[in-house]
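Asks: Coordinates in query_0.txt, compact mmCIF, N, CA and C atoms, are listed below.
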```txt
# COMPACT_ATOMS: atom_id res chain seq x y z
N MET A 212 113.88 61.94 153.53
CA MET A 212 113.62 63.36 153.44
C MET A 212 114.26 63.89 152.17
N GLU A 213 113.58 64.82 151.56
CA GLU A 213 114.11 65.55 150.41
C GLU A 213 114.08 67.03 150.77
N TYR A 214 115.05 67.78 150.26
CA TYR A 214 114.99 69.22 150.50
C TYR A 214 115.73 69.96 149.40
N ALA A 215 115.42 71.23 149.27
CA ALA A 215 116.09 72.11 148.33
C ALA A 215 116.23 73.47 148.99
N GLN A 216 117.28 74.15 148.68
CA GLN A 216 117.48 75.49 149.21
C GLN A 216 117.07 76.51 148.16
N GLY A 217 116.39 77.54 148.58
CA GLY A 217 115.96 78.60 147.68
C GLY A 217 116.09 79.94 148.38
N SER A 218 115.40 80.91 147.85
CA SER A 218 115.42 82.24 148.46
C SER A 218 114.02 82.84 148.36
N ILE A 219 113.82 83.92 149.09
CA ILE A 219 112.53 84.61 149.09
C ILE A 219 112.51 85.61 147.94
N GLY A 220 111.42 85.59 147.20
CA GLY A 220 111.23 86.54 146.10
C GLY A 220 110.30 87.66 146.54
N ARG A 221 109.23 87.84 145.81
CA ARG A 221 108.27 88.91 146.12
C ARG A 221 107.43 88.54 147.32
N VAL A 222 106.85 89.56 147.94
CA VAL A 222 105.94 89.37 149.06
C VAL A 222 104.61 90.02 148.67
N PHE A 223 103.53 89.25 148.78
CA PHE A 223 102.20 89.75 148.44
C PHE A 223 101.36 89.85 149.72
N VAL A 224 100.71 90.98 149.90
CA VAL A 224 99.74 91.17 150.97
C VAL A 224 98.38 91.15 150.28
N VAL A 225 97.52 90.22 150.69
CA VAL A 225 96.26 89.97 149.97
C VAL A 225 95.08 90.17 150.91
N ARG A 226 94.13 90.96 150.47
CA ARG A 226 92.85 91.04 151.17
C ARG A 226 91.83 90.30 150.32
N LEU A 227 91.33 89.22 150.88
CA LEU A 227 90.26 88.46 150.24
C LEU A 227 88.93 89.09 150.65
N HIS A 228 87.96 89.05 149.76
CA HIS A 228 86.65 89.64 150.04
C HIS A 228 85.62 88.58 150.38
N ASP A 229 84.53 89.04 150.95
CA ASP A 229 83.41 88.18 151.30
C ASP A 229 83.00 87.36 150.07
N GLY A 230 82.95 86.04 150.24
CA GLY A 230 82.54 85.16 149.16
C GLY A 230 83.69 84.61 148.33
N ASP A 231 84.90 85.18 148.45
CA ASP A 231 86.04 84.58 147.75
C ASP A 231 86.21 83.16 148.26
N ARG A 232 86.65 82.27 147.39
CA ARG A 232 86.72 80.85 147.74
C ARG A 232 88.16 80.35 147.65
N LEU A 233 88.52 79.60 148.69
CA LEU A 233 89.83 78.94 148.71
C LEU A 233 89.63 77.50 148.29
N PRO A 234 90.51 76.93 147.55
CA PRO A 234 91.82 77.44 147.15
C PRO A 234 91.81 78.27 145.87
N GLU A 235 90.68 78.35 145.17
CA GLU A 235 90.64 78.96 143.84
C GLU A 235 91.14 80.41 143.82
N ALA A 236 90.78 81.23 144.81
CA ALA A 236 91.16 82.64 144.79
C ALA A 236 92.68 82.81 144.81
N LEU A 237 93.36 82.08 145.68
CA LEU A 237 94.82 82.24 145.78
C LEU A 237 95.54 81.55 144.62
N GLU A 238 95.00 80.46 144.12
CA GLU A 238 95.59 79.84 142.94
C GLU A 238 95.44 80.77 141.72
N GLY A 239 94.31 81.47 141.62
CA GLY A 239 94.10 82.43 140.54
C GLY A 239 95.09 83.58 140.60
N LEU A 240 95.31 84.10 141.80
CA LEU A 240 96.31 85.17 141.98
C LEU A 240 97.69 84.68 141.58
N ALA A 241 98.02 83.46 141.97
CA ALA A 241 99.33 82.90 141.63
C ALA A 241 99.49 82.81 140.11
N ARG A 242 98.43 82.38 139.42
CA ARG A 242 98.48 82.33 137.95
C ARG A 242 98.70 83.72 137.36
N GLU A 243 97.91 84.69 137.83
CA GLU A 243 97.99 86.06 137.31
C GLU A 243 99.37 86.68 137.52
N GLN A 244 99.97 86.41 138.67
CA GLN A 244 101.24 87.04 139.04
C GLN A 244 102.46 86.18 138.72
N GLY A 245 102.25 85.00 138.17
CA GLY A 245 103.37 84.13 137.84
C GLY A 245 104.10 83.58 139.06
N ILE A 246 103.36 83.38 140.15
CA ILE A 246 103.96 82.81 141.36
C ILE A 246 104.01 81.30 141.17
N LYS A 247 105.19 80.73 141.18
CA LYS A 247 105.36 79.28 140.98
C LYS A 247 105.42 78.52 142.30
N GLU A 248 106.12 79.10 143.27
CA GLU A 248 106.34 78.44 144.57
C GLU A 248 106.16 79.49 145.65
N ALA A 249 105.50 79.12 146.76
CA ALA A 249 105.27 80.10 147.81
C ALA A 249 104.88 79.44 149.12
N VAL A 250 105.02 80.24 150.18
CA VAL A 250 104.47 79.93 151.49
C VAL A 250 103.28 80.87 151.66
N VAL A 251 102.18 80.36 152.20
CA VAL A 251 100.97 81.17 152.38
C VAL A 251 100.55 81.13 153.84
N ILE A 252 100.28 82.31 154.39
CA ILE A 252 99.76 82.44 155.76
C ILE A 252 98.40 83.13 155.64
N LEU A 253 97.39 82.61 156.35
CA LEU A 253 96.03 83.11 156.19
C LEU A 253 95.37 83.33 157.54
N ILE A 254 94.62 84.43 157.67
CA ILE A 254 93.72 84.65 158.80
C ILE A 254 92.43 85.24 158.27
N GLY A 255 91.33 85.05 159.01
CA GLY A 255 90.08 85.65 158.59
C GLY A 255 88.88 84.87 159.09
N GLY A 256 87.83 84.89 158.29
CA GLY A 256 86.60 84.20 158.65
C GLY A 256 86.16 83.28 157.53
N ALA A 257 85.41 82.24 157.90
CA ALA A 257 84.87 81.28 156.93
C ALA A 257 83.36 81.23 157.07
N LYS A 258 82.69 81.16 155.93
CA LYS A 258 81.23 81.07 155.92
C LYS A 258 80.75 79.69 156.34
N ALA A 259 79.58 79.66 156.93
CA ALA A 259 78.91 78.38 157.19
C ALA A 259 78.76 77.64 155.87
N GLY A 260 78.94 76.34 155.91
CA GLY A 260 78.84 75.53 154.71
C GLY A 260 80.18 75.30 154.02
N SER A 261 81.22 76.03 154.46
CA SER A 261 82.56 75.78 153.93
C SER A 261 82.96 74.36 154.32
N ARG A 262 83.84 73.77 153.51
CA ARG A 262 84.20 72.37 153.77
C ARG A 262 85.70 72.19 153.87
N LEU A 263 86.09 71.31 154.79
CA LEU A 263 87.48 70.95 155.00
C LEU A 263 87.65 69.44 154.83
N VAL A 264 88.79 69.04 154.31
CA VAL A 264 89.17 67.63 154.32
C VAL A 264 89.82 67.38 155.68
N VAL A 265 89.24 66.49 156.47
CA VAL A 265 89.70 66.28 157.85
C VAL A 265 90.34 64.91 158.05
N GLY A 266 90.77 64.30 156.97
CA GLY A 266 91.48 63.02 157.07
C GLY A 266 90.92 62.02 156.10
N PRO A 267 91.58 60.87 156.02
CA PRO A 267 91.05 59.80 155.18
C PRO A 267 89.93 59.06 155.91
N ASP A 268 88.99 58.55 155.15
CA ASP A 268 87.91 57.75 155.72
C ASP A 268 88.47 56.37 156.06
N ALA A 269 88.70 56.11 157.34
CA ALA A 269 89.30 54.84 157.80
C ALA A 269 88.39 53.65 157.54
N ALA A 270 87.11 53.91 157.31
CA ALA A 270 86.17 52.82 157.05
C ALA A 270 86.37 52.24 155.65
N ARG A 271 87.21 52.89 154.83
CA ARG A 271 87.44 52.44 153.46
C ARG A 271 88.94 52.20 153.25
N PRO A 272 89.47 51.14 153.82
CA PRO A 272 90.92 50.91 153.79
C PRO A 272 91.47 50.57 152.40
N GLU A 273 90.62 50.23 151.44
CA GLU A 273 91.11 49.84 150.11
C GLU A 273 91.58 51.05 149.29
N ALA A 274 91.22 52.26 149.72
CA ALA A 274 91.61 53.47 148.98
C ALA A 274 91.66 54.65 149.93
N ILE A 275 92.39 55.67 149.53
CA ILE A 275 92.40 56.90 150.32
C ILE A 275 91.21 57.73 149.88
N VAL A 276 90.20 57.77 150.73
CA VAL A 276 88.97 58.51 150.45
C VAL A 276 88.89 59.67 151.43
N PRO A 277 88.83 60.91 150.92
CA PRO A 277 88.79 62.07 151.81
C PRO A 277 87.55 62.07 152.71
N LEU A 278 87.76 62.39 153.98
CA LEU A 278 86.67 62.57 154.93
C LEU A 278 86.41 64.08 154.99
N LEU A 279 85.20 64.50 154.68
CA LEU A 279 84.86 65.92 154.61
C LEU A 279 84.08 66.36 155.83
N HIS A 280 84.33 67.61 156.23
CA HIS A 280 83.60 68.21 157.35
C HIS A 280 83.04 69.54 156.87
N THR A 281 81.76 69.77 157.10
CA THR A 281 81.11 71.02 156.73
C THR A 281 81.02 71.91 157.96
N LEU A 282 81.48 73.14 157.83
CA LEU A 282 81.46 74.07 158.96
C LEU A 282 80.04 74.55 159.24
N ALA A 283 79.67 74.50 160.50
CA ALA A 283 78.36 75.00 160.94
C ALA A 283 78.57 76.39 161.52
N GLY A 284 77.96 77.38 160.92
CA GLY A 284 78.10 78.74 161.42
C GLY A 284 79.37 79.39 160.92
N ILE A 285 79.41 80.70 161.05
CA ILE A 285 80.59 81.49 160.69
C ILE A 285 81.71 81.12 161.65
N GLN A 286 82.93 80.96 161.12
CA GLN A 286 84.05 80.53 161.97
C GLN A 286 85.27 81.41 161.74
N GLU A 287 86.08 81.53 162.79
CA GLU A 287 87.39 82.18 162.69
C GLU A 287 88.34 81.20 162.02
N VAL A 288 89.31 81.70 161.26
CA VAL A 288 90.22 80.84 160.52
C VAL A 288 91.66 81.33 160.66
N VAL A 289 92.57 80.38 160.86
CA VAL A 289 94.00 80.64 160.75
C VAL A 289 94.59 79.47 159.99
N GLY A 290 95.46 79.75 159.03
CA GLY A 290 95.99 78.66 158.22
C GLY A 290 97.38 78.96 157.70
N VAL A 291 98.04 77.91 157.31
CA VAL A 291 99.36 78.01 156.69
C VAL A 291 99.46 76.94 155.62
N GLY A 292 100.16 77.26 154.54
CA GLY A 292 100.27 76.29 153.47
C GLY A 292 101.40 76.59 152.52
N THR A 293 101.43 75.78 151.47
CA THR A 293 102.42 75.95 150.42
C THR A 293 101.72 75.95 149.07
N LEU A 294 102.38 76.57 148.11
CA LEU A 294 101.86 76.62 146.76
C LEU A 294 102.99 76.19 145.83
N PHE A 295 102.75 75.13 145.07
CA PHE A 295 103.72 74.62 144.10
C PHE A 295 102.95 74.17 142.88
N PRO A 296 103.60 74.14 141.71
CA PRO A 296 102.88 73.72 140.52
C PRO A 296 102.62 72.23 140.49
N GLY A 297 101.50 71.87 139.86
CA GLY A 297 101.22 70.48 139.56
C GLY A 297 101.98 70.09 138.30
N GLU A 298 101.78 68.87 137.83
CA GLU A 298 102.51 68.39 136.65
C GLU A 298 102.28 69.23 135.40
N ALA A 299 101.08 69.80 135.26
CA ALA A 299 100.77 70.61 134.09
C ALA A 299 101.25 72.06 134.25
N GLY A 300 101.87 72.37 135.39
CA GLY A 300 102.39 73.72 135.63
C GLY A 300 101.44 74.66 136.33
N GLU A 301 100.20 74.22 136.59
CA GLU A 301 99.22 75.08 137.25
C GLU A 301 99.51 75.16 138.75
N PRO A 302 99.26 76.33 139.38
CA PRO A 302 99.51 76.45 140.82
C PRO A 302 98.53 75.59 141.62
N VAL A 303 99.05 74.89 142.62
CA VAL A 303 98.23 74.06 143.50
C VAL A 303 98.52 74.47 144.93
N LEU A 304 97.49 74.98 145.60
CA LEU A 304 97.61 75.39 147.00
C LEU A 304 97.31 74.22 147.92
N HIS A 305 98.18 73.99 148.88
CA HIS A 305 97.95 72.99 149.92
C HIS A 305 97.99 73.75 151.24
N LEU A 306 96.80 74.10 151.75
CA LEU A 306 96.69 74.96 152.93
C LEU A 306 95.85 74.25 153.98
N HIS A 307 96.42 74.10 155.15
CA HIS A 307 95.69 73.54 156.28
C HIS A 307 95.26 74.69 157.18
N ALA A 308 94.04 74.59 157.66
CA ALA A 308 93.47 75.67 158.46
C ALA A 308 92.80 75.12 159.71
N ALA A 309 92.86 75.92 160.76
CA ALA A 309 92.09 75.66 161.97
C ALA A 309 90.92 76.64 161.95
N CYS A 310 89.72 76.11 162.05
CA CYS A 310 88.50 76.92 162.03
C CYS A 310 87.78 76.71 163.35
N GLY A 311 87.34 77.79 163.97
CA GLY A 311 86.70 77.63 165.26
C GLY A 311 85.58 78.62 165.52
N ARG A 312 84.72 78.21 166.46
CA ARG A 312 83.59 79.04 166.89
C ARG A 312 83.19 78.59 168.28
N GLU A 313 83.09 79.54 169.19
CA GLU A 313 82.60 79.30 170.54
C GLU A 313 83.31 78.15 171.24
N GLY A 314 84.62 78.07 171.09
CA GLY A 314 85.40 77.07 171.81
C GLY A 314 85.56 75.74 171.11
N ASP A 315 84.86 75.53 170.00
CA ASP A 315 85.01 74.30 169.22
C ASP A 315 85.86 74.59 168.00
N ALA A 316 86.73 73.65 167.63
CA ALA A 316 87.61 73.86 166.48
C ALA A 316 87.69 72.62 165.61
N THR A 317 87.93 72.87 164.34
CA THR A 317 88.16 71.81 163.36
C THR A 317 89.41 72.19 162.59
N VAL A 318 90.25 71.20 162.30
CA VAL A 318 91.47 71.44 161.55
C VAL A 318 91.43 70.55 160.32
N GLY A 319 91.77 71.12 159.17
CA GLY A 319 91.80 70.32 157.96
C GLY A 319 92.34 71.09 156.78
N CYS A 320 92.31 70.44 155.63
CA CYS A 320 92.81 71.02 154.38
C CYS A 320 91.67 71.76 153.68
N THR A 321 91.97 72.93 153.14
CA THR A 321 90.94 73.77 152.52
C THR A 321 90.58 73.36 151.10
N ARG A 322 91.16 72.30 150.58
CA ARG A 322 90.94 71.95 149.16
C ARG A 322 89.49 71.60 148.84
N ALA A 323 88.67 71.30 149.84
CA ALA A 323 87.26 70.99 149.58
C ALA A 323 86.42 72.25 149.39
N GLY A 324 86.98 73.43 149.71
CA GLY A 324 86.29 74.69 149.45
C GLY A 324 85.90 75.44 150.69
N VAL A 325 86.63 76.51 150.99
CA VAL A 325 86.33 77.39 152.11
C VAL A 325 85.99 78.76 151.54
N GLU A 326 84.80 79.25 151.88
CA GLU A 326 84.37 80.57 151.44
C GLU A 326 84.65 81.60 152.51
N VAL A 327 85.24 82.71 152.11
CA VAL A 327 85.58 83.78 153.04
C VAL A 327 84.31 84.45 153.54
N TRP A 328 84.26 84.67 154.85
CA TRP A 328 83.18 85.46 155.45
C TRP A 328 83.77 86.82 155.79
N LEU A 329 83.27 87.86 155.22
CA LEU A 329 83.62 89.25 155.44
C LEU A 329 85.05 89.58 155.03
N VAL A 330 86.03 88.93 155.62
CA VAL A 330 87.41 89.27 155.28
C VAL A 330 88.34 88.08 155.45
N GLY A 331 89.31 88.03 154.58
CA GLY A 331 90.41 87.09 154.70
C GLY A 331 91.68 87.85 154.39
N GLU A 332 92.71 87.61 155.13
CA GLU A 332 93.99 88.26 154.90
C GLU A 332 95.05 87.20 154.70
N ALA A 333 95.81 87.34 153.64
CA ALA A 333 96.86 86.36 153.35
C ALA A 333 98.17 87.08 153.08
N ILE A 334 99.24 86.46 153.50
CA ILE A 334 100.59 86.89 153.14
C ILE A 334 101.16 85.75 152.30
N ILE A 335 101.63 86.10 151.12
CA ILE A 335 102.24 85.11 150.23
C ILE A 335 103.71 85.46 150.09
N LEU A 336 104.57 84.54 150.50
CA LEU A 336 106.01 84.71 150.38
C LEU A 336 106.48 83.84 149.22
N GLU A 337 106.81 84.48 148.12
CA GLU A 337 107.26 83.74 146.93
C GLU A 337 108.62 83.10 147.21
N LEU A 338 108.75 81.85 146.80
CA LEU A 338 110.01 81.13 146.93
C LEU A 338 110.65 81.03 145.56
N LEU A 339 111.96 81.15 145.51
CA LEU A 339 112.69 81.07 144.25
C LEU A 339 113.73 79.98 144.31
N GLY A 340 113.82 79.20 143.24
CA GLY A 340 114.93 78.27 143.08
C GLY A 340 114.82 76.92 143.75
N THR A 341 113.66 76.55 144.28
CA THR A 341 113.58 75.24 144.92
C THR A 341 113.21 74.14 143.94
N GLY A 342 112.57 74.49 142.84
CA GLY A 342 112.19 73.50 141.84
C GLY A 342 111.11 72.54 142.30
N GLY A 343 110.34 72.94 143.31
CA GLY A 343 109.29 72.06 143.82
C GLY A 343 108.17 71.85 142.82
N ILE A 344 107.62 70.64 142.81
CA ILE A 344 106.50 70.29 141.95
C ILE A 344 105.67 69.21 142.64
N ARG A 345 104.35 69.24 142.41
CA ARG A 345 103.46 68.21 142.97
C ARG A 345 103.22 67.16 141.88
N ARG A 346 103.55 65.89 142.22
CA ARG A 346 103.36 64.78 141.27
C ARG A 346 102.66 63.63 141.99
N PRO A 347 101.78 62.92 141.26
CA PRO A 347 101.16 61.74 141.86
C PRO A 347 102.25 60.73 142.23
N GLU A 348 102.09 60.16 143.41
CA GLU A 348 103.07 59.21 143.92
C GLU A 348 102.39 57.91 144.29
N PRO A 349 102.84 56.80 143.71
CA PRO A 349 102.29 55.51 144.12
C PRO A 349 102.77 55.16 145.52
N PRO A 350 102.12 54.38 146.30
CA PRO A 350 100.85 53.74 145.96
C PRO A 350 99.64 54.61 146.27
N SER A 351 99.83 55.75 146.94
CA SER A 351 98.68 56.56 147.36
C SER A 351 97.97 57.22 146.19
N GLY A 352 98.72 57.60 145.15
CA GLY A 352 98.12 58.34 144.05
C GLY A 352 97.96 59.81 144.35
N LEU A 353 98.29 60.24 145.57
CA LEU A 353 98.19 61.64 145.94
C LEU A 353 99.30 62.44 145.26
N SER A 354 99.00 63.68 144.87
CA SER A 354 100.02 64.55 144.30
C SER A 354 100.82 65.16 145.44
N LEU A 355 102.02 64.64 145.62
CA LEU A 355 102.88 65.03 146.73
C LEU A 355 104.02 65.90 146.24
N LEU A 356 104.50 66.76 147.12
CA LEU A 356 105.60 67.67 146.80
C LEU A 356 106.89 66.90 146.58
N GLN A 357 107.54 67.21 145.48
CA GLN A 357 108.87 66.69 145.20
C GLN A 357 109.77 67.87 144.93
N VAL A 358 110.99 67.82 145.39
CA VAL A 358 111.95 68.90 145.15
C VAL A 358 113.17 68.34 144.44
N LYS A 359 113.84 69.24 143.70
CA LYS A 359 115.03 68.78 142.99
C LYS A 359 116.13 68.50 143.99
N LYS A 360 116.96 67.54 143.67
CA LYS A 360 118.03 67.14 144.60
C LYS A 360 119.33 67.81 144.24
```
Using the file provided, produce a representation of the structure as structure tokens.
Replies:
Amino acid sequence: MEYAQGSIGRVFVVRLHDGDRLPEALEGLAREQGIKEAVVILIGGAKAGSRLVVGPDAARPEAIVPLLHTLAGIQEVVGVGTLFPGEAGEPVLHLHAACGREGDATVGCTRAGVEVWLVGEAIILELLGTGGIRRPEPPSGLSLLQVKK
């Protein structure tokens, strides 16, 4: 385990509009506002056709290949995630969401593209002083969170 202690900075209350796309919309806000590290909480709706990464494709054991799920119909969404810079300093959102409709639910990562239906509401809690960064880590090659020790 690695950890770093920090503090809470600014708090952003965000209303996403119909058609805004995750993760791009929140990463764009982070760039505009100079948010380097944050916790993100999300509620709202997702358009049909939005996509979630729902795990690695186990049929391809030689590499980590994302398994994608396309949402059928408009869905309710609740999610939580973190935002830390990648190696080039750009904000990278890692947000997992539960999306559901009529008693069926899917849980996954929004990095494949989730489009807001009608409204999305996010709370962004800026973190200060943790020094977190996402770097590719062997052997997976995934950009994983690293914090200063």
Asks: For A:Val222, which residue out of A:Glu235, A:Glu348, A:Glu337, A:Glu313 is the nearest one, using all atoms listed in the file?
Replies: A:Glu337
Asks: Out of A:Gly324, A:Pro296, A:Pro234, A:Gly342, which residue has the shortest atom-to-atom distance to A:Leu263 when counting only N, CA and C atoms?
Replies: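 Ranked by minimum distance to A:Leu263, first place goes to A:Gly324.
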Asks: Write out as a PyMOL selection string which residues come within 6 Å of A:Leu278 when counting all atoms listed in the file, dropping same-chain ones fewer than 3 positions away.
Replies: chain A and resi 263-268
Asks: Tell me which of A:Glu301, A:Pro277, A:Thr293, A:Ala283 sits closest to A:Gly239, counting only C-alpha atoms.
Replies: A:Glu301
Asks: Considering all atoms listed in the file, state which residue in the set A:Leu294, A:Ala309, A:Leu233, A:Ile285 is at the smallest distance from A:Ala249.
Replies: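 Under the stated criterion, the closest residue is A:Leu294.
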Asks: Where does DSSP see strand (DSSP E) in stretch 233-348 of chain A, if you list the residues as an MDAnalysis selection string?
Replies: chainID A and resid 233 249:257 262:267 277:281 286:296 302:312 315:320 325:339 344:348
Asks: Considering only C-alpha atoms, return as a PDB file with N, CA and C atoms, in the coordinates of the input whatever protein or nucleic-acid residues lie within 12 Å of A:Glu248, sequence-local ones (same chain, fewer than 5 positions apart) excluded.
Replies:
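This went into out.pdb:
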```pdb
ATOM      1  N   GLY A 217     116.390  77.540 148.580  1.00  0.00           N
ATOM      2  CA  GLY A 217     115.960  78.600 147.680  1.00  0.00           C
ATOM      3  C   GLY A 217     116.090  79.940 148.380  1.00  0.00           C
ATOM      4  N   SER A 218     115.400  80.910 147.850  1.00  0.00           N
ATOM      5  CA  SER A 218     115.420  82.240 148.460  1.00  0.00           C
ATOM      6  C   SER A 218     114.020  82.840 148.360  1.00  0.00           C
ATOM      7  N   ILE A 219     113.820  83.920 149.090  1.00  0.00           N
ATOM      8  CA  ILE A 219     112.530  84.610 149.090  1.00  0.00           C
ATOM      9  C   ILE A 219     112.510  85.610 147.940  1.00  0.00           C
ATOM     10  N   GLY A 220     111.420  85.590 147.200  1.00  0.00           N
ATOM     11  CA  GLY A 220     111.230  86.540 146.100  1.00  0.00           C
ATOM     12  C   GLY A 220     110.300  87.660 146.540  1.00  0.00           C
ATOM     13  N   ARG A 221     109.230  87.840 145.810  1.00  0.00           N
ATOM     14  CA  ARG A 221     108.270  88.910 146.120  1.00  0.00           C
ATOM     15  C   ARG A 221     107.430  88.540 147.320  1.00  0.00           C
ATOM     16  N   VAL A 222     106.850  89.560 147.940  1.00  0.00           N
ATOM     17  CA  VAL A 222     105.940  89.370 149.060  1.00  0.00           C
ATOM     18  C   VAL A 222     104.610  90.020 148.670  1.00  0.00           C
ATOM     19  N   GLU A 238      95.000  80.460 144.120  1.00  0.00           N
ATOM     20  CA  GLU A 238      95.590  79.840 142.940  1.00  0.00           C
ATOM     21  C   GLU A 238      95.440  80.770 141.720  1.00  0.00           C
ATOM     22  N   ALA A 241      98.020  83.460 141.970  1.00  0.00           N
ATOM     23  CA  ALA A 241      99.330  82.900 141.630  1.00  0.00           C
ATOM     24  C   ALA A 241      99.490  82.810 140.110  1.00  0.00           C
ATOM     25  N   ARG A 242      98.430  82.380 139.420  1.00  0.00           N
ATOM     26  CA  ARG A 242      98.480  82.330 137.950  1.00  0.00           C
ATOM     27  C   ARG A 242      98.700  83.720 137.360  1.00  0.00           C
ATOM     28  N   GLY A 292     100.160  77.260 154.540  1.00  0.00           N
ATOM     29  CA  GLY A 292     100.270  76.290 153.470  1.00  0.00           C
ATOM     30  C   GLY A 292     101.400  76.590 152.520  1.00  0.00           C
ATOM     31  N   THR A 293     101.430  75.780 151.470  1.00  0.00           N
ATOM     32  CA  THR A 293     102.420  75.950 150.420  1.00  0.00           C
ATOM     33  C   THR A 293     101.720  75.950 149.070  1.00  0.00           C
ATOM     34  N   LEU A 294     102.380  76.570 148.110  1.00  0.00           N
ATOM     35  CA  LEU A 294     101.860  76.620 146.760  1.00  0.00           C
ATOM     36  C   LEU A 294     102.990  76.190 145.830  1.00  0.00           C
ATOM     37  N   PHE A 295     102.750  75.130 145.070  1.00  0.00           N
ATOM     38  CA  PHE A 295     103.720  74.620 144.100  1.00  0.00           C
ATOM     39  C   PHE A 295     102.950  74.170 142.880  1.00  0.00           C
ATOM     40  N   PRO A 296     103.600  74.140 141.710  1.00  0.00           N
ATOM     41  CA  PRO A 296     102.880  73.720 140.520  1.00  0.00           C
ATOM     42  C   PRO A 296     102.620  72.230 140.490  1.00  0.00           C
ATOM     43  N   GLY A 297     101.500  71.870 139.860  1.00  0.00           N
ATOM     44  CA  GLY A 297     101.220  70.480 139.560  1.00  0.00           C
ATOM     45  C   GLY A 297     101.980  70.090 138.300  1.00  0.00           C
ATOM     46  N   GLY A 300     101.870  72.370 135.390  1.00  0.00           N
ATOM     47  CA  GLY A 300     102.390  73.720 135.630  1.00  0.00           C
ATOM     48  C   GLY A 300     101.440  74.660 136.330  1.00  0.00           C
ATOM     49  N   GLU A 301     100.200  74.220 136.590  1.00  0.00           N
ATOM     50  CA  GLU A 301      99.220  75.080 137.250  1.00  0.00           C
ATOM     51  C   GLU A 301      99.510  75.160 138.750  1.00  0.00           C
ATOM     52  N   PRO A 302      99.260  76.330 139.380  1.00  0.00           N
ATOM     53  CA  PRO A 302      99.510  76.450 140.820  1.00  0.00           C
ATOM     54  C   PRO A 302      98.530  75.590 141.620  1.00  0.00           C
ATOM     55  N   VAL A 303      99.050  74.890 142.620  1.00  0.00           N
ATOM     56  CA  VAL A 303      98.230  74.060 143.500  1.00  0.00           C
ATOM     57  C   VAL A 303      98.520  74.470 144.930  1.00  0.00           C
ATOM     58  N   LEU A 304      97.490  74.980 145.600  1.00  0.00           N
ATOM     59  CA  LEU A 304      97.610  75.390 147.000  1.00  0.00           C
ATOM     60  C   LEU A 304      97.310  74.220 147.920  1.00  0.00           C
ATOM     61  N   HIS A 305      98.180  73.990 148.880  1.00  0.00           N
ATOM     62  CA  HIS A 305      97.950  72.990 149.920  1.00  0.00           C
ATOM     63  C   HIS A 305      97.990  73.750 151.240  1.00  0.00           C
ATOM     64  N   ILE A 335     101.630  86.100 151.120  1.00  0.00           N
ATOM     65  CA  ILE A 335     102.240  85.110 150.230  1.00  0.00           C
ATOM     66  C   ILE A 335     103.710  85.460 150.090  1.00  0.00           C
ATOM     67  N   LEU A 336     104.570  84.540 150.500  1.00  0.00           N
ATOM     68  CA  LEU A 336     106.010  84.710 150.380  1.00  0.00           C
ATOM     69  C   LEU A 336     106.480  83.840 149.220  1.00  0.00           C
ATOM     70  N   GLU A 337     106.810  84.480 148.120  1.00  0.00           N
ATOM     71  CA  GLU A 337     107.260  83.740 146.930  1.00  0.00           C
ATOM     72  C   GLU A 337     108.620  83.100 147.210  1.00  0.00           C
ATOM     73  N   LEU A 338     108.750  81.850 146.800  1.00  0.00           N
ATOM     74  CA  LEU A 338     110.010  81.130 146.930  1.00  0.00           C
ATOM     75  C   LEU A 338     110.650  81.030 145.560  1.00  0.00           C
ATOM     76  N   LEU A 339     111.960  81.150 145.510  1.00  0.00           N
ATOM     77  CA  LEU A 339     112.690  81.070 144.250  1.00  0.00           C
ATOM     78  C   LEU A 339     113.730  79.980 144.310  1.00  0.00           C
ATOM     79  N   GLY A 340     113.820  79.200 143.240  1.00  0.00           N
ATOM     80  CA  GLY A 340     114.930  78.270 143.080  1.00  0.00           C
ATOM     81  C   GLY A 340     114.820  76.920 143.750  1.00  0.00           C
ATOM     82  N   THR A 341     113.660  76.550 144.280  1.00  0.00           N
ATOM     83  CA  THR A 341     113.580  75.240 144.920  1.00  0.00           C
ATOM     84  C   THR A 341     113.210  74.140 143.940  1.00  0.00           C
ATOM     85  N   GLY A 342     112.570  74.490 142.840  1.00  0.00           N
ATOM     86  CA  GLY A 342     112.190  73.500 141.840  1.00  0.00           C
ATOM     87  C   GLY A 342     111.110  72.540 142.300  1.00  0.00           C
ATOM     88  N   GLY A 343     110.340  72.940 143.310  1.00  0.00           N
ATOM     89  CA  GLY A 343     109.290  72.060 143.820  1.00  0.00           C
ATOM     90  C   GLY A 343     108.170  71.850 142.820  1.00  0.00           C
ATOM     91  N   ILE A 344     107.620  70.640 142.810  1.00  0.00           N
ATOM     92  CA  ILE A 344     106.500  70.290 141.950  1.00  0.00           C
ATOM     93  C   ILE A 344     105.670  69.210 142.640  1.00  0.00           C
ATOM     94  N   ARG A 345     104.350  69.240 142.410  1.00  0.00           N
ATOM     95  CA  ARG A 345     103.460  68.210 142.970  1.00  0.00           C
ATOM     96  C   ARG A 345     103.220  67.160 141.880  1.00  0.00           C
ATOM     97  N   LEU A 356     104.500  66.760 147.120  1.00  0.00           N
ATOM     98  CA  LEU A 356     105.600  67.670 146.800  1.00  0.00           C
ATOM     99  C   LEU A 356     106.890  66.900 146.580  1.00  0.00           C
ATOM    100  N   VAL A 358     110.990  67.820 145.390  1.00  0.00           N
ATOM    101  CA  VAL A 358     111.950  68.900 145.150  1.00  0.00           C
ATOM    102  C   VAL A 358     113.170  68.340 144.440  1.00  0.00           C
TER     103      VAL A 358
END
```
Asks: Using all atoms listed in the file and a cutoff of 7 Å, can you tell me which residues are near (96.6, 84.9, 156.2) in the file's coordinates, and write them out as a ChimeraX atom specification?
Replies: /A:251-255,289-290,331-334
Asks: What are the DSSP alpha helix (DSSP H) residues of chain A, as a PyMOL selection string?
Replies: chain A and resi 235-244
Asks: Would you compute the distance between atom CA of A:Arg232 and atom CA of A:Arg262? Give it in Å to one decimal.
Replies: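 Distance reported for this atom pair: 10.7 Å.
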Asks: What would the list of residues within 6 Å of (82.5, 80.2, 158.7) (file frame) look like as a PyMOL selection string, if only C-alpha atoms are what count?
Replies: chain A and resi 256-259+284-286
